[in-house]
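Structure below is model_4.cif: mmCIF, C-alpha atoms and all ligand atoms.
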```cif
data_my_file
#
loop_
_atom_site.group_PDB
_atom_site.id
_atom_site.type_symbol
_atom_site.label_atom_id
_atom_site.label_comp_id
_atom_site.auth_asym_id
_atom_site.auth_seq_id
_atom_site.Cartn_x
_atom_site.Cartn_y
_atom_site.Cartn_z
ATOM 1 C CA MET A 1 31.668 13.560 2.194
ATOM 2 C CA ALA A 2 33.014 15.585 5.121
ATOM 3 C CA VAL A 3 31.181 15.323 8.428
ATOM 4 C CA SER A 4 32.276 16.441 11.868
ATOM 5 C CA ASP A 5 33.899 14.037 14.320
ATOM 6 C CA LYS A 6 30.760 14.267 16.429
ATOM 7 C CA LEU A 7 28.432 13.305 13.597
ATOM 8 C CA ALA A 8 30.791 10.473 12.646
ATOM 9 C CA ARG A 9 30.630 9.329 16.291
ATOM 10 C CA LEU A 10 26.811 9.361 16.217
ATOM 11 C CA ILE A 11 26.816 7.309 13.004
ATOM 12 C CA ALA A 12 29.313 4.897 14.595
ATOM 13 C CA THR A 13 26.933 4.470 17.555
ATOM 14 C CA ALA A 14 24.132 3.564 15.176
ATOM 15 C CA ALA A 15 26.042 1.351 12.715
ATOM 16 C CA PRO A 16 26.197 -1.918 14.755
ATOM 17 C CA LEU A 17 22.499 -1.575 15.638
ATOM 18 C CA TRP A 18 21.536 -0.943 12.004
ATOM 19 C CA ALA A 19 23.473 -4.140 11.213
ATOM 20 C CA GLY A 20 21.462 -5.929 13.926
ATOM 21 C CA GLU A 21 18.151 -4.927 12.365
ATOM 22 C CA ALA A 22 19.415 -6.082 8.957
ATOM 23 C CA GLU A 23 20.426 -9.427 10.511
ATOM 24 C CA VAL A 24 16.847 -9.993 11.745
ATOM 25 C CA VAL A 25 15.441 -9.578 8.249
ATOM 26 C CA ARG A 26 18.232 -11.459 6.467
ATOM 27 C CA THR A 27 17.871 -14.391 8.865
ATOM 28 C CA TYR A 28 14.123 -14.491 8.311
ATOM 29 C CA TRP A 29 14.295 -15.039 4.543
ATOM 30 C CA ASP A 30 15.788 -18.532 4.925
ATOM 31 C CA TRP A 31 14.529 -19.260 8.455
ATOM 32 C CA PRO A 32 12.803 -22.664 8.860
ATOM 33 C CA GLY A 33 9.866 -21.017 10.660
ATOM 34 C CA ARG A 34 8.999 -18.905 7.631
ATOM 35 C CA ASN A 35 5.754 -19.732 5.820
ATOM 36 C CA ARG A 36 2.893 -17.969 4.040
ATOM 37 C CA ALA A 37 1.242 -17.021 7.330
ATOM 38 C CA THR A 38 4.414 -15.382 8.690
ATOM 39 C CA ASP A 39 4.903 -13.552 5.375
ATOM 40 C CA LEU A 40 1.334 -12.232 5.504
ATOM 41 C CA ARG A 41 1.816 -11.243 9.127
ATOM 42 C CA TRP A 42 4.960 -9.154 8.604
ATOM 43 C CA LEU A 43 3.534 -7.550 5.474
ATOM 44 C CA ALA A 44 0.301 -6.601 7.301
ATOM 45 C CA LEU A 45 2.335 -5.156 10.180
ATOM 46 C CA GLN A 46 4.467 -3.193 7.707
ATOM 47 C CA CYS A 47 1.289 -1.852 6.093
ATOM 48 C CA TYR A 48 0.130 -0.748 9.538
ATOM 49 C CA LYS A 49 3.452 1.033 10.123
ATOM 50 C CA GLU A 50 3.352 2.761 6.722
ATOM 51 C CA PHE A 51 -0.245 3.923 7.242
ATOM 52 C CA ARG A 52 -0.646 4.496 10.973
ATOM 53 C CA GLY A 53 2.926 4.482 12.264
ATOM 54 C CA SER A 54 3.836 7.424 14.493
ATOM 55 C CA GLY A 55 6.678 8.964 16.444
ATOM 56 C CA VAL A 56 8.894 10.422 13.715
ATOM 57 C CA GLY A 57 8.060 14.002 14.621
ATOM 58 C CA GLU A 58 4.878 14.243 12.553
ATOM 59 C CA HIS A 59 2.201 16.845 13.395
ATOM 60 C CA ARG A 60 0.786 16.326 16.896
ATOM 61 C CA ASN A 61 1.878 12.672 16.869
ATOM 62 C CA LEU A 62 -1.106 11.878 14.657
ATOM 63 C CA GLY A 63 0.705 9.315 12.508
ATOM 64 C CA VAL A 64 2.352 9.392 9.109
ATOM 65 C CA PHE A 65 -0.988 9.717 7.244
ATOM 66 C CA VAL A 66 -3.321 11.736 9.467
ATOM 67 C CA GLY A 67 -0.479 13.905 10.850
ATOM 68 C CA PRO A 68 0.529 15.668 7.620
ATOM 69 C CA LEU A 69 -3.085 15.671 6.393
ATOM 70 C CA THR A 70 -4.171 17.540 9.533
ATOM 71 C CA GLU A 71 -1.226 19.917 9.331
ATOM 72 C CA LEU A 72 -2.106 20.702 5.703
ATOM 73 C CA ILE A 73 -5.727 21.498 6.568
ATOM 74 C CA GLU A 74 -4.729 23.582 9.585
ATOM 75 C CA SER A 75 -2.137 25.571 7.646
ATOM 76 C CA HIS A 76 -3.754 26.108 4.253
ATOM 77 C CA GLU A 77 -5.077 29.583 5.057
ATOM 78 C CA ARG A 78 -1.679 30.652 6.415
ATOM 79 C CA ILE A 79 0.417 29.790 3.333
ATOM 80 C CA GLU A 80 2.540 32.878 2.493
ATOM 81 C CA ILE A 81 1.527 34.415 5.833
ATOM 82 C CA ASP A 82 3.450 32.355 8.352
ATOM 83 C CA VAL A 83 3.606 28.978 6.579
ATOM 84 C CA ASP A 84 6.358 28.447 4.035
ATOM 85 C CA ARG A 85 5.199 27.094 0.654
ATOM 86 C CA ARG A 86 8.166 24.700 0.542
ATOM 87 C CA HIS A 87 7.134 23.280 3.909
ATOM 88 C CA VAL A 88 3.668 22.522 2.463
ATOM 89 C CA LEU A 89 5.208 20.931 -0.620
ATOM 90 C CA GLY A 90 7.354 18.749 1.653
ATOM 91 C CA LEU A 91 4.264 17.616 3.577
ATOM 92 C CA LEU A 92 2.493 16.676 0.347
ATOM 93 C CA GLU A 93 5.541 14.785 -0.922
ATOM 94 C CA GLY A 94 5.929 12.959 2.386
ATOM 95 C CA LEU A 95 2.255 12.010 2.446
ATOM 96 C CA TYR A 96 2.437 10.707 -1.122
ATOM 97 C CA GLU A 97 5.582 8.713 -0.393
ATOM 98 C CA GLU A 98 4.356 7.070 2.803
ATOM 99 C CA PHE A 99 1.048 6.127 1.211
ATOM 100 C CA SER A 100 2.870 4.713 -1.816
ATOM 101 C CA HIS A 101 4.853 2.529 0.627
ATOM 102 C CA TYR A 102 1.583 1.336 2.120
ATOM 103 C CA VAL A 103 0.287 0.487 -1.370
ATOM 104 C CA ALA A 104 3.509 -1.370 -2.321
ATOM 105 C CA PHE A 105 3.374 -3.648 0.728
ATOM 106 C CA ALA A 106 -0.431 -4.009 0.543
ATOM 107 C CA GLU A 107 -0.170 -5.206 -3.059
ATOM 108 C CA ALA A 108 2.540 -7.720 -2.144
ATOM 109 C CA HIS A 109 0.327 -8.902 0.750
ATOM 110 C CA ASP A 110 -2.708 -9.318 -1.494
ATOM 111 C CA ALA A 111 -0.731 -11.156 -4.168
ATOM 112 C CA ILE A 112 0.499 -13.683 -1.563
ATOM 113 C CA ARG A 113 -2.858 -13.991 0.236
ATOM 114 C CA CYS A 114 -5.100 -16.997 -0.474
ATOM 115 C CA PRO A 115 -8.923 -16.743 -0.369
ATOM 116 C CA ASP A 116 -9.099 -18.186 3.173
ATOM 117 C CA ASP A 117 -6.505 -15.765 4.589
ATOM 118 C CA ALA A 118 -7.779 -12.695 6.429
ATOM 119 C CA PRO A 119 -7.904 -9.535 4.274
ATOM 120 C CA LEU A 120 -5.765 -6.555 5.132
ATOM 121 C CA ASP A 121 -7.308 -4.200 7.698
ATOM 122 C CA PRO A 122 -5.130 -1.119 8.188
ATOM 123 C CA HIS A 123 -7.699 0.369 10.589
ATOM 124 C CA ALA A 124 -7.296 -2.339 13.217
ATOM 125 C CA THR A 125 -4.600 -1.882 15.836
ATOM 126 C CA PRO A 126 -2.527 -5.083 15.617
ATOM 127 C CA ASP A 127 -1.046 -7.040 18.489
ATOM 128 C CA PHE A 128 2.437 -5.574 18.070
ATOM 129 C CA PRO A 129 3.695 -4.552 21.526
ATOM 130 C CA ALA A 130 7.334 -4.039 20.509
ATOM 131 C CA ASP A 131 6.205 -1.448 17.955
ATOM 132 C CA ALA A 132 3.965 0.262 20.526
ATOM 133 C CA ALA A 133 6.996 0.404 22.850
ATOM 134 C CA LEU A 134 9.104 1.931 20.051
ATOM 135 C CA THR A 135 6.486 4.629 19.427
ATOM 136 C CA ALA A 136 6.228 5.351 23.169
ATOM 137 C CA LEU A 137 10.020 5.651 23.407
ATOM 138 C CA ARG A 138 10.061 8.205 20.588
ATOM 139 C CA TYR A 139 7.171 10.181 22.108
ATOM 140 C CA ARG A 140 9.057 10.322 25.415
ATOM 141 C CA ALA A 141 12.265 11.474 23.687
ATOM 142 C CA ILE A 142 10.370 14.242 21.856
ATOM 143 C CA ALA A 143 8.426 15.331 24.975
ATOM 144 C CA ALA A 144 11.547 15.418 27.140
ATOM 145 C CA HIS A 145 14.094 16.823 24.692
ATOM 146 C CA GLY A 146 12.132 18.742 22.028
ATOM 147 C CA ALA A 147 14.070 19.285 18.801
ATOM 148 C CA LEU A 148 16.821 16.857 19.856
ATOM 149 C CA GLY A 149 14.196 14.178 20.435
ATOM 150 C CA VAL A 150 12.751 14.845 16.968
ATOM 151 C CA ARG A 151 16.273 14.573 15.536
ATOM 152 C CA ALA A 152 16.809 11.216 17.245
ATOM 153 C CA SER A 153 13.445 9.954 15.976
ATOM 154 C CA LYS A 154 14.056 11.025 12.393
ATOM 155 C CA PHE A 155 17.654 9.793 12.405
ATOM 156 C CA THR A 156 16.401 6.339 13.383
ATOM 157 C CA GLU A 157 13.500 6.302 10.877
ATOM 158 C CA GLY A 158 13.592 3.138 8.818
ATOM 159 C CA GLY A 159 16.707 1.809 10.630
ATOM 160 C CA TYR A 160 19.016 2.694 7.731
ATOM 161 C CA CYS A 161 16.497 1.010 5.404
ATOM 162 C CA ALA A 162 17.421 -2.421 6.816
ATOM 163 C CA LEU A 163 14.179 -4.103 5.786
ATOM 164 C CA PHE A 164 14.096 -2.512 2.351
ATOM 165 C CA ARG A 165 17.750 -3.199 1.570
ATOM 166 C CA GLU A 166 17.553 -6.826 2.713
ATOM 167 C CA GLY A 167 14.258 -7.256 0.864
ATOM 168 C CA MET A 168 15.762 -5.995 -2.377
ATOM 169 C CA ARG A 169 18.372 -8.774 -2.106
ATOM 170 C CA LEU A 170 15.575 -11.286 -2.765
ATOM 171 C CA GLU A 171 15.448 -10.132 -6.371
ATOM 172 C CA GLY A 172 15.950 -13.037 -8.728
ATOM 173 C CA ARG A 173 14.494 -15.663 -6.383
ATOM 174 C CA GLY A 174 11.022 -15.612 -8.013
ATOM 175 C CA GLY A 175 7.639 -16.319 -6.401
ATOM 176 C CA HIS A 176 6.675 -14.401 -3.267
ATOM 177 C CA ASP A 177 10.238 -13.249 -2.833
ATOM 178 C CA ALA A 178 10.155 -11.386 -6.147
ATOM 179 C CA LEU A 179 7.007 -9.539 -5.014
ATOM 180 C CA ILE A 180 8.666 -8.615 -1.726
ATOM 181 C CA ALA A 181 11.839 -7.479 -3.520
ATOM 182 C CA ALA A 182 9.814 -5.225 -5.825
ATOM 183 C CA ALA A 183 7.905 -3.634 -2.922
ATOM 184 C CA CYS A 184 11.146 -3.020 -1.018
ATOM 185 C CA ALA A 185 12.785 -1.434 -4.074
ATOM 186 C CA THR A 186 9.847 0.997 -4.346
ATOM 187 C CA VAL A 187 10.416 2.174 -0.789
ATOM 188 C CA PHE A 188 14.203 2.121 -0.470
ATOM 189 C CA GLU A 189 15.224 5.469 -1.994
ATOM 190 C CA ASP A 190 12.458 7.417 -0.212
ATOM 191 C CA GLU A 191 13.348 6.003 3.162
ATOM 192 C CA PHE A 192 17.060 6.653 2.712
ATOM 193 C CA THR A 193 16.147 10.324 2.203
ATOM 194 C CA HIS A 194 13.785 10.333 5.219
ATOM 195 C CA MET A 195 16.576 9.002 7.430
ATOM 196 C CA LEU A 196 18.904 11.721 6.141
ATOM 197 C CA GLY A 197 16.265 14.245 7.251
ATOM 198 C CA GLY A 198 17.539 13.546 10.765
ATOM 199 C CA ILE A 199 21.124 14.334 9.756
ATOM 200 C CA VAL A 200 20.852 17.311 7.394
ATOM 201 C CA GLY A 201 21.939 20.461 9.171
ATOM 202 C CA LEU A 202 23.044 18.682 12.363
ATOM 203 C CA ASP A 203 26.619 19.906 11.994
ATOM 204 C CA ASP A 204 25.417 23.514 11.564
ATOM 205 C CA GLU A 205 23.303 23.653 14.703
ATOM 206 C CA GLY A 206 26.222 24.308 17.016
ATOM 207 C CA LEU A 207 25.218 21.501 19.367
ATOM 208 C CA ALA A 208 27.151 21.313 22.632
ATOM 209 C CA GLU A 209 29.051 18.158 23.570
ATOM 210 C CA ASP A 210 26.271 17.277 26.037
ATOM 211 C CA ASP A 211 23.696 17.509 23.228
ATOM 212 C CA TRP A 212 25.705 15.151 21.033
ATOM 213 C CA ARG A 213 26.047 12.697 23.927
ATOM 214 C CA LEU A 214 22.298 12.891 24.561
ATOM 215 C CA LEU A 215 21.599 12.244 20.854
ATOM 216 C CA GLU A 216 23.859 9.184 20.971
ATOM 217 C CA THR A 217 21.972 7.870 24.007
ATOM 218 C CA LEU A 218 18.551 8.444 22.432
ATOM 219 C CA VAL A 219 19.581 6.954 19.084
ATOM 220 C CA GLY A 220 21.035 3.875 20.839
ATOM 221 C CA GLU A 221 17.841 3.342 22.867
ATOM 222 C CA ILE A 222 15.568 3.725 19.848
ATOM 223 C CA LEU A 223 17.664 1.484 17.591
ATOM 224 C CA ARG A 224 17.806 -1.286 20.209
ATOM 225 C CA GLN A 225 14.022 -1.134 20.449
ATOM 226 C CA ARG A 226 13.806 -1.205 16.634
ATOM 227 C CA ILE A 227 15.637 -4.570 16.630
ATOM 228 C CA LEU A 228 13.073 -5.977 19.099
ATOM 229 C CA MET A 229 10.265 -4.514 16.968
ATOM 230 C CA ARG A 230 11.606 -6.067 13.757
ATOM 231 C CA ASN A 231 12.212 -9.429 15.399
ATOM 232 C CA GLN A 232 8.607 -9.487 16.645
ATOM 233 C CA GLN A 233 7.298 -8.385 13.238
ATOM 234 C CA PHE A 234 9.107 -11.324 11.591
ATOM 235 C CA SER A 235 7.902 -13.947 14.125
ATOM 236 C CA GLU A 236 11.214 -13.871 16.067
ATOM 237 C CA PRO A 237 13.802 -15.464 13.798
ATOM 238 C CA LEU A 238 16.600 -14.332 16.143
ATOM 239 C CA PRO A 239 16.735 -15.984 19.595
ATOM 240 C CA ALA A 240 16.987 -13.770 22.681
ATOM 241 C CA ALA A 241 20.629 -14.788 23.198
ATOM 242 C CA ARG A 242 21.612 -13.481 19.759
ATOM 243 C CA ILE A 243 19.803 -10.192 20.379
ATOM 244 C CA ALA A 244 21.627 -9.835 23.702
ATOM 245 C CA ALA A 245 24.917 -10.424 21.869
ATOM 246 C CA ILE A 246 24.048 -7.755 19.279
ATOM 247 C CA PHE A 247 23.223 -5.324 22.096
ATOM 248 C CA ALA A 248 26.623 -6.165 23.615
ATOM 249 C CA GLY A 249 28.299 -5.138 20.343
ATOM 250 C CA GLU A 250 29.093 -8.604 19.010
ATOM 251 C CA ILE A 251 28.341 -7.685 15.411
ATOM 252 C CA ALA A 252 30.177 -6.045 12.528
ATOM 253 C CA PRO A 253 28.850 -2.497 12.052
ATOM 254 C CA LEU A 254 27.035 -1.578 8.876
ATOM 255 C CA ASP A 255 29.010 0.649 6.502
ATOM 256 C CA PHE A 256 27.349 4.072 6.324
ATOM 257 C CA ASP A 257 27.337 5.119 2.666
ATOM 258 C CA TYR A 258 28.726 8.660 2.892
ATOM 259 C CA ASP A 259 28.797 9.008 -0.903
ATOM 260 C CA LYS A 260 25.125 8.124 -1.287
ATOM 261 C CA ALA A 261 24.229 10.528 1.517
ATOM 262 C CA ALA A 262 26.319 13.414 0.135
ATOM 263 C CA PRO A 263 23.868 14.893 -2.449
ATOM 264 C CA VAL A 264 21.004 15.052 0.085
ATOM 265 C CA MET A 265 23.188 16.525 2.793
ATOM 266 C CA ALA A 266 24.896 19.122 0.574
HETATM 267 FE FE FE A 301 7.631 4.578 4.731
HETATM 268 FE FE FE A 302 9.445 7.362 5.884
#
```

What would the structure in this file look like if it were written as structure tokens?
Amino acid sequence: MAVSDKLARLIATAAPLWAGEAEVVRTYWDWPGRNRATDLRWLALQCYKEFRGSGVGEHRNLGVFVGPLTELIESHERIEIDVDRRHVLGLLEGLYEEFSHYVAFAEAHDAIRCPDDAPLDPHATPDFPADAALTALRYRAIAAHGALGVRASKFTEGGYCALFREGMRLEGRGGHDALIAAACATVFEDEFTHMLGGIVGLDDEGLAEDDWRLLETLVGEILRQRILMRNQQFSEPLPAARIAAIFAGEIAPLDFDYDKAAPVMA
């Protein structure tokens, strides 16, 4: 797949940080601190992100569920007037997909949960400061830089599917891991497409060199915060020193799959 030098440079900025997020998850699977409670915790936090997560350019920053729902209600009388029918279809598809991700992780959570474990409560705001900081960073990027901020937020959505890809690798292990692998497989293809939503059309927008540089800066900031978010979600399997090393570039970059991206970006 042919992309411009500038887009290739943006992907190269992201690739070591995508690898860092994958390392958090991969380390967790066989980490000595892992137990049922830490599994339930990360799954509940993932459910929260799939249901109430925000900052990826959704309507009025209302979150991945309420945002599109509100936009649909507000726009239904304007379809074929100044709202494109395909835009509405995209909102409905996105809403369906994100809620199906919530259901996949919620079902894995409930299958692992024992009677004495707390039930899932997607309405509570969890103690998850690194995720709150990630959302705030995206809001600031969007407020300060408009469409470029939205691009940076969408481009970094899902962190190149790090969690889902690493989760799928648990297939064949049995037990809780098989449940996690199945949930991650449900989500993987959707999230790969969502991430590409931040790339499609970038090369046709005629961005100036300064815009590309700004995108690289925003993407780098957001992806570094994503690594901190993931590490907190998984009860911190990576020590601070390793995260500092990843931030310093001491990691092999993830290979961006240009062939897999090609049909979506065509
Ligand atoms: Fe999702
Ligand atoms: Fe998504």

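Neighbouring residues of ligand FE 302 (chain A) at a cut-off of 8 Å, counting all atoms listed in the file, are Glu50, Gly94, Glu97, Glu98, Glu157, Gly158, Asp190, Glu191, His194 and Met195 of chain A.
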
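The interatomic distance for the pair atom CA of A:Ser75 and atom CA of A:Leu134 works out to 29.0 Å.
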
Report task. Check which residues fall inside 12 Å of ligand FE 301 (chain A) when counting only C-alpha atoms and all ligand atoms, and print them as an MDAnalysis selection string. Result -> chainID A and resid 46:54 56 63:65 93:105 154 157:161 163:164 183:195

Report task. Skip A:Ala152 itself and residues of its chain fewer than 6 positions away, then list as an NGL selection string all residues within 7 Å of it, counting all atoms listed in the file. Result -> :A and (198 or 215 or 218-219)

Residue selection dump (C-alpha atoms) as a JSON list (two decimals), in the coordinates of the input:
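Okay, this is what ended up in result-v4.json:
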```json
[["chain", "number", "residue", "atom", "x", "y", "z"],
["A", 198, "GLY", "CA", 17.54, 13.55, 10.76],
["A", 215, "LEU", "CA", 21.60, 12.24, 20.85],
["A", 218, "LEU", "CA", 18.55, 8.44, 22.43],
["A", 219, "VAL", "CA", 19.58, 6.95, 19.08]]
```

Requested in this report: Identify the residues within 10 Å of coordinate (28.6, -5.3, 17.2) (same frame as the file), considering all atoms listed in the file, and give the answer as number ranges by chain.
Outcome: A: 13, 15-20, 245-254

Centre, x/y/z edge lengths, axis-aligned box for stretch 53-66 of chain A with 6 Å per side, as JSON:
```
{"center_x": 2.8, "center_y": 10.7, "center_z": 12.1, "size_x": 24.2, "size_y": 24.4, "size_z": 21.7}
```

Query - Matched chain/residue IDs from the PyMOL selection byres (((chain A and resi 27) around 12) and not hetatm), as number ranges by chain - result: A: 19-26, 28-34, 163, 166-167, 230-231, 234-239, 242

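With distances taken over all atoms listed in the file, A:Met265 is the one residue among A:Ile79, A:Thr125, A:Met265, A:Arg140 lying closest to A:Leu202.
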
Query - Near-A:Val200 list (10 Å; only C-alpha atoms; drop same-chain fewer than 6 positions) as a ChimeraX atom specification - result: /A:151,155,193,261-262,264-266

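Going from atom CA of A:Tyr139 to atom CA of A:Gln233 covers 20.6 Å.
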
Taking the block just given, write stretch 136-151 of chain A to a file that holds N, CA, C and O atoms, as a PDB file, in the first residue's frame.
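Saved to out.pdb:
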```pdb
ATOM      1  N   ALA A 136      -8.518  13.553  29.242  1.00  0.00           N
ATOM      2  CA  ALA A 136      -8.274  15.005  29.341  1.00  0.00           C
ATOM      3  C   ALA A 136      -7.277  15.460  28.268  1.00  0.00           C
ATOM      4  O   ALA A 136      -7.440  16.530  27.670  1.00  0.00           O
ATOM      5  N   LEU A 137      -6.273  14.641  28.020  1.00  0.00           N
ATOM      6  CA  LEU A 137      -5.263  14.975  27.004  1.00  0.00           C
ATOM      7  C   LEU A 137      -5.918  15.064  25.617  1.00  0.00           C
ATOM      8  O   LEU A 137      -5.652  15.988  24.835  1.00  0.00           O
ATOM      9  N   ARG A 138      -6.803  14.120  25.333  1.00  0.00           N
ATOM     10  CA  ARG A 138      -7.493  14.142  24.036  1.00  0.00           C
ATOM     11  C   ARG A 138      -8.429  15.340  23.936  1.00  0.00           C
ATOM     12  O   ARG A 138      -8.498  15.997  22.894  1.00  0.00           O
ATOM     13  N   TYR A 139      -9.169  15.637  25.015  1.00  0.00           N
ATOM     14  CA  TYR A 139     -10.049  16.811  24.990  1.00  0.00           C
ATOM     15  C   TYR A 139      -9.233  18.073  24.702  1.00  0.00           C
ATOM     16  O   TYR A 139      -9.651  18.938  23.932  1.00  0.00           O
ATOM     17  N   ARG A 140      -8.084  18.182  25.352  1.00  0.00           N
ATOM     18  CA  ARG A 140      -7.244  19.384  25.155  1.00  0.00           C
ATOM     19  C   ARG A 140      -6.764  19.459  23.710  1.00  0.00           C
ATOM     20  O   ARG A 140      -6.746  20.529  23.110  1.00  0.00           O
ATOM     21  N   ALA A 141      -6.361  18.318  23.147  1.00  0.00           N
ATOM     22  CA  ALA A 141      -5.876  18.304  21.754  1.00  0.00           C
ATOM     23  C   ALA A 141      -6.988  18.738  20.801  1.00  0.00           C
ATOM     24  O   ALA A 141      -6.755  19.511  19.864  1.00  0.00           O
ATOM     25  N   ILE A 142      -8.216  18.259  21.058  1.00  0.00           N
ATOM     26  CA  ILE A 142      -9.348  18.598  20.183  1.00  0.00           C
ATOM     27  C   ILE A 142      -9.718  20.072  20.356  1.00  0.00           C
ATOM     28  O   ILE A 142      -9.955  20.788  19.375  1.00  0.00           O
ATOM     29  N   ALA A 143      -9.744  20.546  21.604  1.00  0.00           N
ATOM     30  CA  ALA A 143     -10.106  21.961  21.861  1.00  0.00           C
ATOM     31  C   ALA A 143      -9.078  22.905  21.243  1.00  0.00           C
ATOM     32  O   ALA A 143      -9.426  23.940  20.678  1.00  0.00           O
ATOM     33  N   ALA A 144      -7.811  22.539  21.333  1.00  0.00           N
ATOM     34  CA  ALA A 144      -6.753  23.445  20.864  1.00  0.00           C
ATOM     35  C   ALA A 144      -6.530  23.349  19.361  1.00  0.00           C
ATOM     36  O   ALA A 144      -6.161  24.341  18.725  1.00  0.00           O
ATOM     37  N   HIS A 145      -6.742  22.186  18.772  1.00  0.00           N
ATOM     38  CA  HIS A 145      -6.321  21.994  17.377  1.00  0.00           C
ATOM     39  C   HIS A 145      -7.430  21.494  16.457  1.00  0.00           C
ATOM     40  O   HIS A 145      -7.157  21.128  15.309  1.00  0.00           O
ATOM     41  N   GLY A 146      -8.674  21.461  16.943  1.00  0.00           N
ATOM     42  CA  GLY A 146      -9.818  21.132  16.091  1.00  0.00           C
ATOM     43  C   GLY A 146      -9.661  19.806  15.367  1.00  0.00           C
ATOM     44  O   GLY A 146      -9.400  18.778  15.985  1.00  0.00           O
ATOM     45  N   ALA A 147      -9.814  19.854  14.034  1.00  0.00           N
ATOM     46  CA  ALA A 147      -9.818  18.618  13.238  1.00  0.00           C
ATOM     47  C   ALA A 147      -8.518  17.829  13.394  1.00  0.00           C
ATOM     48  O   ALA A 147      -8.533  16.594  13.396  1.00  0.00           O
ATOM     49  N   LEU A 148      -7.393  18.527  13.561  1.00  0.00           N
ATOM     50  CA  LEU A 148      -6.125  17.797  13.747  1.00  0.00           C
ATOM     51  C   LEU A 148      -6.115  17.054  15.076  1.00  0.00           C
ATOM     52  O   LEU A 148      -5.590  15.945  15.188  1.00  0.00           O
ATOM     53  N   GLY A 149      -6.718  17.666  16.092  1.00  0.00           N
ATOM     54  CA  GLY A 149      -6.831  17.007  17.392  1.00  0.00           C
ATOM     55  C   GLY A 149      -7.717  15.780  17.306  1.00  0.00           C
ATOM     56  O   GLY A 149      -7.414  14.745  17.910  1.00  0.00           O
ATOM     57  N   VAL A 150      -8.818  15.884  16.537  1.00  0.00           N
ATOM     58  CA  VAL A 150      -9.698  14.721  16.341  1.00  0.00           C
ATOM     59  C   VAL A 150      -8.928  13.612  15.615  1.00  0.00           C
ATOM     60  O   VAL A 150      -9.013  12.436  15.969  1.00  0.00           O
ATOM     61  N   ARG A 151      -8.162  14.008  14.599  1.00  0.00           N
ATOM     62  CA  ARG A 151      -7.339  13.034  13.868  1.00  0.00           C
ATOM     63  C   ARG A 151      -6.413  12.284  14.832  1.00  0.00           C
ATOM     64  O   ARG A 151      -6.290  11.058  14.792  1.00  0.00           O
TER      65      ARG A 151
END
```
